[in-house]
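Listing of structure-v4.txt; format and content: compact mmCIF, C-alpha atoms.
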```txt
# COMPACT_ATOMS: atom_id res chain seq x y z
CA MET A 52 23.84 54.19 69.01
CA SER A 53 24.80 55.53 72.41
CA GLU A 54 22.79 58.33 73.95
CA GLN A 55 24.62 61.64 73.61
CA THR A 56 24.67 64.40 76.17
CA ASN A 57 25.41 68.07 75.59
CA LEU A 58 28.92 67.56 77.01
CA GLY A 59 28.90 71.01 78.59
CA GLY A 60 28.69 72.97 75.36
CA ASN A 61 31.53 73.95 73.03
CA PHE A 62 34.72 75.99 73.15
CA THR A 63 36.74 77.17 70.16
CA LEU A 64 40.49 77.45 70.66
CA PRO A 65 41.71 81.00 69.92
CA ASN A 66 42.43 81.83 66.27
CA THR A 67 41.79 78.24 65.19
CA SER A 68 39.07 76.22 63.50
CA ILE A 69 39.16 73.74 66.42
CA THR A 70 35.94 73.55 68.41
CA ALA A 71 35.96 71.05 71.26
CA LYS A 72 33.13 69.81 73.41
CA ARG A 73 33.79 70.99 76.99
CA ILE A 74 33.94 67.43 78.30
CA GLY A 75 36.58 65.38 76.56
CA TYR A 76 38.45 62.23 77.46
CA GLY A 77 41.83 61.82 79.15
CA ALA A 78 43.60 58.67 77.97
CA MET A 79 46.18 58.23 80.77
CA GLN A 80 44.26 55.40 82.44
CA LEU A 81 44.34 53.28 79.30
CA ALA A 82 47.88 52.19 80.12
CA GLY A 83 48.72 49.59 82.75
CA PRO A 84 49.32 50.15 86.49
CA GLY A 85 51.43 53.21 87.20
CA VAL A 86 50.70 54.44 83.65
CA SER A 87 53.21 51.82 82.53
CA GLY A 88 52.92 48.86 80.17
CA PRO A 89 49.76 47.51 78.55
CA PRO A 90 46.36 47.43 80.24
CA ARG A 91 45.02 44.17 81.58
CA ASP A 92 42.30 44.20 78.91
CA VAL A 93 43.11 45.93 75.62
CA ASP A 94 39.66 45.16 74.20
CA ALA A 95 38.06 47.00 77.13
CA ALA A 96 40.32 50.02 76.48
CA VAL A 97 39.31 50.02 72.81
CA ALA A 98 35.65 49.79 73.81
CA VAL A 99 35.93 52.84 76.10
CA LEU A 100 37.45 54.95 73.34
CA ARG A 101 34.83 53.92 70.80
CA GLU A 102 32.03 54.60 73.28
CA ALA A 103 33.50 58.04 74.02
CA ILE A 104 33.29 58.92 70.33
CA ALA A 105 29.77 57.45 70.09
CA LEU A 106 28.71 59.70 72.97
CA GLY A 107 29.87 62.77 71.07
CA ILE A 108 33.29 63.38 72.64
CA ASN A 109 35.62 65.04 70.14
CA HIS A 110 38.62 65.92 72.35
CA ILE A 111 41.10 63.25 73.45
CA ASP A 112 44.05 64.15 75.66
CA THR A 113 47.00 61.77 75.52
CA SER A 114 50.78 61.49 75.50
CA ASP A 115 53.27 59.07 74.05
CA PHE A 116 54.95 58.83 77.47
CA TYR A 117 51.82 57.06 78.76
CA GLY A 118 52.89 53.45 78.61
CA PRO A 119 55.20 54.62 77.04
CA HIS A 120 53.75 54.34 73.52
CA ILE A 121 50.96 51.99 74.65
CA THR A 122 48.14 54.52 75.03
CA ASN A 123 48.67 56.14 71.64
CA GLN A 124 48.84 52.73 69.98
CA ILE A 125 45.49 51.80 71.56
CA ILE A 126 43.95 55.09 70.40
CA ARG A 127 45.10 54.33 66.85
CA GLN A 128 43.80 50.76 67.06
CA ALA A 129 40.40 51.93 68.31
CA LEU A 130 39.75 55.04 66.24
CA HIS A 131 41.95 55.24 63.13
CA PRO A 132 40.98 56.53 60.60
CA TYR A 133 39.88 59.29 62.92
CA PRO A 134 36.54 61.14 62.76
CA GLU A 135 36.90 64.44 60.93
CA ASN A 136 36.09 66.59 63.96
CA LEU A 137 38.24 64.70 66.47
CA VAL A 138 40.83 66.86 68.26
CA ILE A 139 43.82 64.92 69.58
CA VAL A 140 45.96 66.79 72.08
CA THR A 141 49.25 65.32 73.24
CA LYS A 142 52.03 66.48 75.54
CA VAL A 143 55.80 66.24 75.46
CA GLY A 144 58.54 67.03 77.93
CA ALA A 145 58.94 63.80 79.91
CA ARG A 146 60.35 60.32 79.48
CA ARG A 147 59.70 57.05 81.29
CA PRO A 148 62.75 54.95 82.17
CA ALA A 149 62.52 51.29 83.13
CA ASP A 150 61.87 52.12 86.80
CA ARG A 151 58.57 53.82 85.75
CA SER A 152 59.65 57.22 87.08
CA TRP A 153 58.88 60.51 85.30
CA LEU A 154 61.94 62.43 84.15
CA PRO A 155 62.26 65.72 82.25
CA ALA A 156 63.00 65.37 78.55
CA LEU A 157 63.26 68.91 77.23
CA SER A 158 66.30 68.91 74.96
CA ARG A 159 65.85 69.61 71.25
CA GLN A 160 66.56 65.94 70.48
CA ASP A 161 64.16 64.72 73.19
CA LEU A 162 61.32 66.92 71.97
CA THR A 163 61.87 66.20 68.28
CA GLU A 164 61.91 62.45 68.93
CA ALA A 165 58.79 62.77 71.08
CA ILE A 166 56.87 64.52 68.31
CA HIS A 167 57.83 61.84 65.80
CA ASP A 168 56.92 59.09 68.29
CA ASN A 169 53.48 60.66 68.76
CA LEU A 170 52.95 61.00 65.02
CA ARG A 171 53.99 57.42 64.35
CA ASN A 172 52.04 55.77 67.16
CA LEU A 173 48.90 57.82 66.54
CA GLY A 174 49.11 57.42 62.76
CA LEU A 175 49.04 61.15 62.06
CA ASP A 176 50.82 63.52 59.67
CA ALA A 177 50.35 66.46 62.05
CA ILE A 178 49.18 66.78 65.65
CA ASP A 179 46.29 69.15 66.38
CA VAL A 180 47.69 70.49 69.66
CA VAL A 181 50.92 69.74 71.51
CA ASN A 182 51.37 70.84 75.12
CA LEU A 183 54.87 71.50 76.41
CA ARG A 184 54.80 69.82 79.83
CA LEU A 185 57.29 71.25 82.30
CA MET A 186 58.43 68.64 84.81
CA ASP A 187 59.11 69.87 88.34
CA ASP A 188 58.84 68.45 91.83
CA GLY A 189 55.35 67.14 92.45
CA HIS A 190 52.66 68.52 90.19
CA GLY A 191 53.04 72.22 90.81
CA PRO A 192 54.79 74.65 88.48
CA SER A 193 57.97 76.53 89.33
CA GLU A 194 59.39 79.62 87.66
CA GLY A 195 62.07 79.36 84.99
CA SER A 196 62.47 80.10 81.32
CA LEU A 197 60.76 77.82 78.84
CA ALA A 198 62.17 79.62 75.80
CA GLU A 199 64.54 76.88 74.67
CA PRO A 200 62.12 73.92 74.58
CA LEU A 201 59.22 76.01 73.29
CA THR A 202 61.36 77.40 70.47
CA THR A 203 62.10 73.81 69.43
CA LEU A 204 58.37 73.05 69.29
CA ALA A 205 57.64 76.30 67.47
CA LYS A 206 60.09 75.25 64.75
CA LEU A 207 58.38 71.86 64.45
CA LYS A 208 55.09 73.76 64.14
CA GLU A 209 56.60 75.80 61.29
CA GLN A 210 57.50 72.51 59.61
CA GLY A 211 53.83 71.49 59.72
CA LEU A 212 54.18 68.63 62.23
CA ILE A 213 52.23 70.54 64.90
CA ARG A 214 49.19 72.73 64.25
CA HIS A 215 48.90 74.52 67.59
CA LEU A 216 50.80 74.75 70.86
CA GLY A 217 49.80 74.75 74.52
CA LEU A 218 51.56 74.63 77.88
CA SER A 219 51.26 72.41 80.94
CA ASN A 220 52.35 72.89 84.55
CA ILE A 221 53.26 76.55 84.08
CA THR A 222 52.89 79.96 85.72
CA PRO A 223 51.41 83.22 84.36
CA THR A 224 54.96 84.56 83.97
CA GLN A 225 55.88 81.58 81.81
CA LEU A 226 52.77 82.06 79.68
CA ALA A 227 53.77 85.67 79.06
CA GLU A 228 57.23 84.54 77.99
CA ALA A 229 55.77 81.83 75.76
CA GLN A 230 53.51 84.33 74.01
CA THR A 231 56.57 86.26 72.82
CA ILE A 232 57.66 83.07 71.00
CA THR A 233 54.45 81.57 69.57
CA GLU A 234 50.68 81.61 70.02
CA ILE A 235 49.39 79.53 72.95
CA VAL A 236 45.89 78.08 72.63
CA CYS A 237 45.53 76.20 75.94
CA VAL A 238 47.01 75.75 79.41
CA GLN A 239 46.85 72.50 81.35
CA ASN A 240 47.53 72.80 85.09
CA GLN A 241 46.46 71.11 88.30
CA TYR A 242 43.19 72.59 89.53
CA ASN A 243 40.13 71.31 91.34
CA VAL A 244 37.59 72.38 93.93
CA ALA A 245 40.18 72.11 96.73
CA HIS A 246 43.34 73.23 94.90
CA ARG A 247 42.62 76.65 93.47
CA GLU A 248 45.98 78.36 93.12
CA ASP A 249 45.10 79.20 89.50
CA ASP A 250 41.86 81.11 90.18
CA ALA A 251 43.18 84.46 88.94
CA PHE A 252 45.10 82.76 86.11
CA ILE A 253 41.93 81.08 84.83
CA ASP A 254 40.10 84.40 84.76
CA ASP A 255 42.95 86.03 82.84
CA LEU A 256 43.05 83.18 80.32
CA ALA A 257 39.28 83.47 79.85
CA LYS A 258 39.72 87.14 78.92
CA GLN A 259 42.27 86.07 76.30
CA GLY A 260 40.04 83.29 74.98
CA ILE A 261 42.60 80.63 75.94
CA ALA A 262 41.36 77.23 77.09
CA TYR A 263 42.20 76.00 80.59
CA VAL A 264 42.31 72.24 81.03
CA PRO A 265 42.55 71.14 84.68
CA PHE A 266 44.25 67.87 85.48
CA PHE A 267 43.49 65.91 88.65
CA PRO A 268 39.87 67.20 88.94
CA LEU A 269 39.38 64.93 91.97
CA GLY A 270 42.90 65.09 93.33
CA GLY A 271 44.62 62.57 91.06
CA PHE A 272 46.96 60.18 92.82
CA THR A 273 45.76 61.50 96.21
CA PRO A 274 41.96 61.76 95.83
CA LEU A 275 40.11 64.56 97.54
CA GLN A 276 38.65 63.73 100.95
CA SER A 277 35.87 66.21 101.62
CA SER A 278 32.72 65.79 103.66
CA VAL A 279 31.35 68.90 101.93
CA LEU A 280 31.80 67.30 98.52
CA GLU A 281 30.26 64.04 99.75
CA SER A 282 27.31 65.90 101.24
CA ALA A 283 26.74 67.93 98.08
CA ALA A 284 26.79 64.77 95.98
CA LYS A 285 24.28 63.06 98.25
CA SER A 286 21.90 66.04 98.18
CA LEU A 287 21.98 66.10 94.37
CA ASP A 288 21.75 62.32 93.95
CA ALA A 289 25.08 62.41 92.15
CA THR A 290 28.59 61.10 92.68
CA PRO A 291 31.40 63.25 94.15
CA MET A 292 33.18 63.07 90.78
CA GLN A 293 30.09 64.36 88.96
CA VAL A 294 29.77 67.25 91.40
CA ALA A 295 33.48 68.10 91.11
CA LEU A 296 33.25 68.09 87.31
CA ALA A 297 30.03 70.13 87.31
CA TRP A 298 31.68 72.68 89.61
CA LEU A 299 34.53 73.04 87.11
CA LEU A 300 32.13 73.49 84.19
CA GLN A 301 30.32 76.24 86.09
CA ARG A 302 33.58 77.83 87.29
CA SER A 303 34.52 79.40 83.93
CA PRO A 304 33.44 78.95 80.29
CA ASN A 305 37.03 78.42 79.10
CA ILE A 306 37.50 75.30 81.25
CA LEU A 307 37.67 72.05 79.27
CA LEU A 308 37.50 68.75 81.14
CA ILE A 309 39.39 65.55 80.35
CA PRO A 310 38.28 62.98 82.96
CA GLY A 311 39.81 59.60 82.31
CA THR A 312 38.52 56.10 82.91
CA SER A 313 39.07 52.57 81.70
CA SER A 314 35.38 51.67 82.24
CA VAL A 315 32.47 52.31 79.89
CA GLU A 316 30.12 52.51 82.87
CA HIS A 317 32.32 55.11 84.56
CA LEU A 318 32.55 57.05 81.28
CA HIS A 319 28.76 57.38 81.22
CA GLU A 320 28.80 58.53 84.86
CA ASN A 321 31.38 61.22 84.12
CA LEU A 322 29.41 62.64 81.21
CA LYS A 323 26.29 63.09 83.34
CA ALA A 324 28.16 65.96 85.03
CA ALA A 325 27.27 68.09 81.99
CA ASP A 326 23.59 67.96 82.94
CA LEU A 327 24.15 68.65 86.65
CA GLN A 328 23.33 72.22 87.60
CA LEU A 329 24.74 73.14 91.01
CA PRO A 330 22.57 75.50 93.09
CA SER A 331 24.32 78.68 94.20
CA GLN A 332 24.37 77.52 97.83
CA THR A 333 26.06 74.29 96.81
CA VAL A 334 28.68 76.28 94.87
CA ASN A 335 29.28 78.44 97.94
CA ASP A 336 29.65 75.35 100.12
CA LEU A 337 32.11 73.80 97.70
CA ASN A 338 34.09 77.03 97.46
CA SER A 339 34.66 76.84 101.22
CA ILE A 340 36.80 73.70 100.96
CA ALA A 341 39.59 75.34 98.95
CA VAL A 342 43.03 74.91 100.48
CA PRO A 343 44.46 78.35 101.35
CA VAL A 344 47.14 79.48 98.88
CA ALA A 345 50.52 79.96 100.52
CA HIS A 346 52.22 83.31 99.88
```
Can the structure from this file be put into structure tokens for me?
Amino acid sequence: MSEQTNLGGNFTLPNTSITAKRIGYGAMQLAGPGVSGPPRDVDAAVAVLREAIALGINHIDTSDFYGPHITNQIIRQALHPYPENLVIVTKVGARRPADRSWLPALSRQDLTEAIHDNLRNLGLDAIDVVNLRLMDDGHGPSEGSLAEPLTTLAKLKEQGLIRHLGLSNITPTQLAEAQTITEIVCVQNQYNVAHREDDAFIDDLAKQGIAYVPFFPLGGFTPLQSSVLESAAKSLDATPMQVALAWLLQRSPNILLIPGTSSVEHLHENLKAADLQLPSQTVNDLNSIAVPVAH
């Protein structure tokens, strides 16, 4: 049996019976290079997922456009039938053509097919949480109505195929619009110690009891380069990733983490962030590296 950590405590999604550990697992890296095709070693991917569950993780973030289809099929292979308390969160709103690009897929047909693809490949009758992922230039949100695609997902929720809905890559204005259509239980945006455009948004979501799930906690495809982060990690005998994750856990109680890895060893390293308490001076130092928000 693997040694379990506290995983940062628990968070219950608003008006649901879903309680997730604050450190979960992001499955994107289980696909092949460029999040496309199968991984080099499927057995290793299966082992990582099983170890995550053994360590107490009960929140897996995925999407059927990872691969496409590959990641969800590996999750099913590794974990089905699923543990009773496992929360699987997927996202829809994109498609992956043969050139491995990421294109919007927000029509009613696109979204309906995506939900059925997720259900089939995960081996589920209903998905715990589905995030509507808006696809814009880069990884930042841009204003615009999300009423049409979200209404499609709300109808699929009424049919019982989706239990709860969230949003990804959105603005506070879009959240407000979404809340006139259906209840939103989580928001998934880019946020890390250097990219803090959502500071006020996170605080507002915390007041509403809505989970905030940051993607790219270390910069994603362009990793953070920070001497302050490196120095903090060295002083705490930790890795920069552990410090960045610990900073997020201490930033706000509604933040849920989904670091991804294809390595069991790296998985164990990530989870140690839950036991890393950052001194106030370290937090202040880390706060100083935030990129100024353009207005």
Within-12 Å shell of (29.0, 68.0, 81.2) in input frame, only C-alpha atoms, as an MDAnalysis selection string | chainID A and resid 55:61 72:76 106:108 292:301 304 306:310 318:329
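Straight-line separation from CA of Pro268 in chain A to CA of Gln241 in chain A: 7.7 Å.
Proximity of A:Leu287, A:Glu164, A:Val143, A:Lys258 to Asn220 in chain A, computed with only C-alpha atoms, is greatest for A:Val143.
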Residues at most 12 Å from Thr231 in chain A, counting all atoms listed in the file, excluding those fewer than 3 positions away in the same chain, as a short mmCIF file (atom, residue, chain, number, x, y, z; two decimals) with C-alpha atoms, in the coordinates of the input?
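So out_5.cif came out as:
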```
data_model
loop_
_atom_site.label_atom_id
_atom_site.label_comp_id
_atom_site.auth_asym_id
_atom_site.auth_seq_id
_atom_site.Cartn_x
_atom_site.Cartn_y
_atom_site.Cartn_z
CA LEU A 197 60.76 77.82 78.84
CA ALA A 198 62.17 79.62 75.80
CA LEU A 201 59.22 76.01 73.29
CA THR A 202 61.36 77.40 70.47
CA ALA A 205 57.64 76.30 67.47
CA THR A 224 54.96 84.56 83.97
CA GLN A 225 55.88 81.58 81.81
CA LEU A 226 52.77 82.06 79.68
CA ALA A 227 53.77 85.67 79.06
CA GLU A 228 57.23 84.54 77.99
CA GLU A 234 50.68 81.61 70.02
CA ILE A 235 49.39 79.53 72.95
#
```
Restricting to only C-alpha atoms, whichever of A:Ser278, A:Thr67, A:Gln210, A:Ser331 is closest to Val180 in chain A is A:Thr67
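As for CA of Ser87 in chain A and CA of Gln124 in chain A, they are spaced 13.3 Å apart.
The neighbours of Val138 in chain A here are the residues that come within 12 Å of it, using only C-alpha atoms and leaving out any residue fewer than 4 positions away in the same chain; they are Thr63, Leu64, Thr67, Ser68, Ile69, Thr70, Ala71, Lys72, Arg73, Gly75, Tyr76, Ile104, Ile108, Asn109, His110, Ile111, Asp112, Thr113, Tyr133, Pro134, Leu175, Ala177, Ile178, Asp179, Val180, Val181, Arg214 and His215 of chain A.
Minimum distance to Asn66 in chain A across A:Gln259, A:Ser193, A:Ser152, A:Asn338 (counting all atoms listed in the file) occurs at A:Gln259.
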CA of Thr163 in chain A sits from CA of Glu209 in chain A at a separation of 13.0 Å
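Residue nearest Val140 in chain A within the list A:Val244, A:Leu185, A:Ile126, A:Ala156: A:Ile126 [criterion: smallest interatomic distance, only C-alpha atoms].
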Across A:Val264, A:Ala341, A:Ala245, A:Val315, the smallest distance to Arg101 in chain A, with all atoms listed in the file counted, is shown by A:Val315
So which residues are close to (62.8, 64.3, 81.5), meaning at most 9 Å away in the file's coordinates with only C-alpha atoms counted, and can you show them as number ranges by chain? A: 144-147, 153-158, 161, 185-186
Fill in: Residue contacts of Met79 in chain A (12 Å, only C-alpha atoms) excluding same-chain residues fewer than 2 positions away, as number ranges by chain
A: 76-77, 81-90, 96, 100, 111-123, 125-126, 141-142, 266-267, 271, 309-313
Between A:Leu170, A:Ala103, A:Ala149, A:Ile221, smallest distance to Pro192 in chain A by all atoms listed in the file belongs to A:Ile221
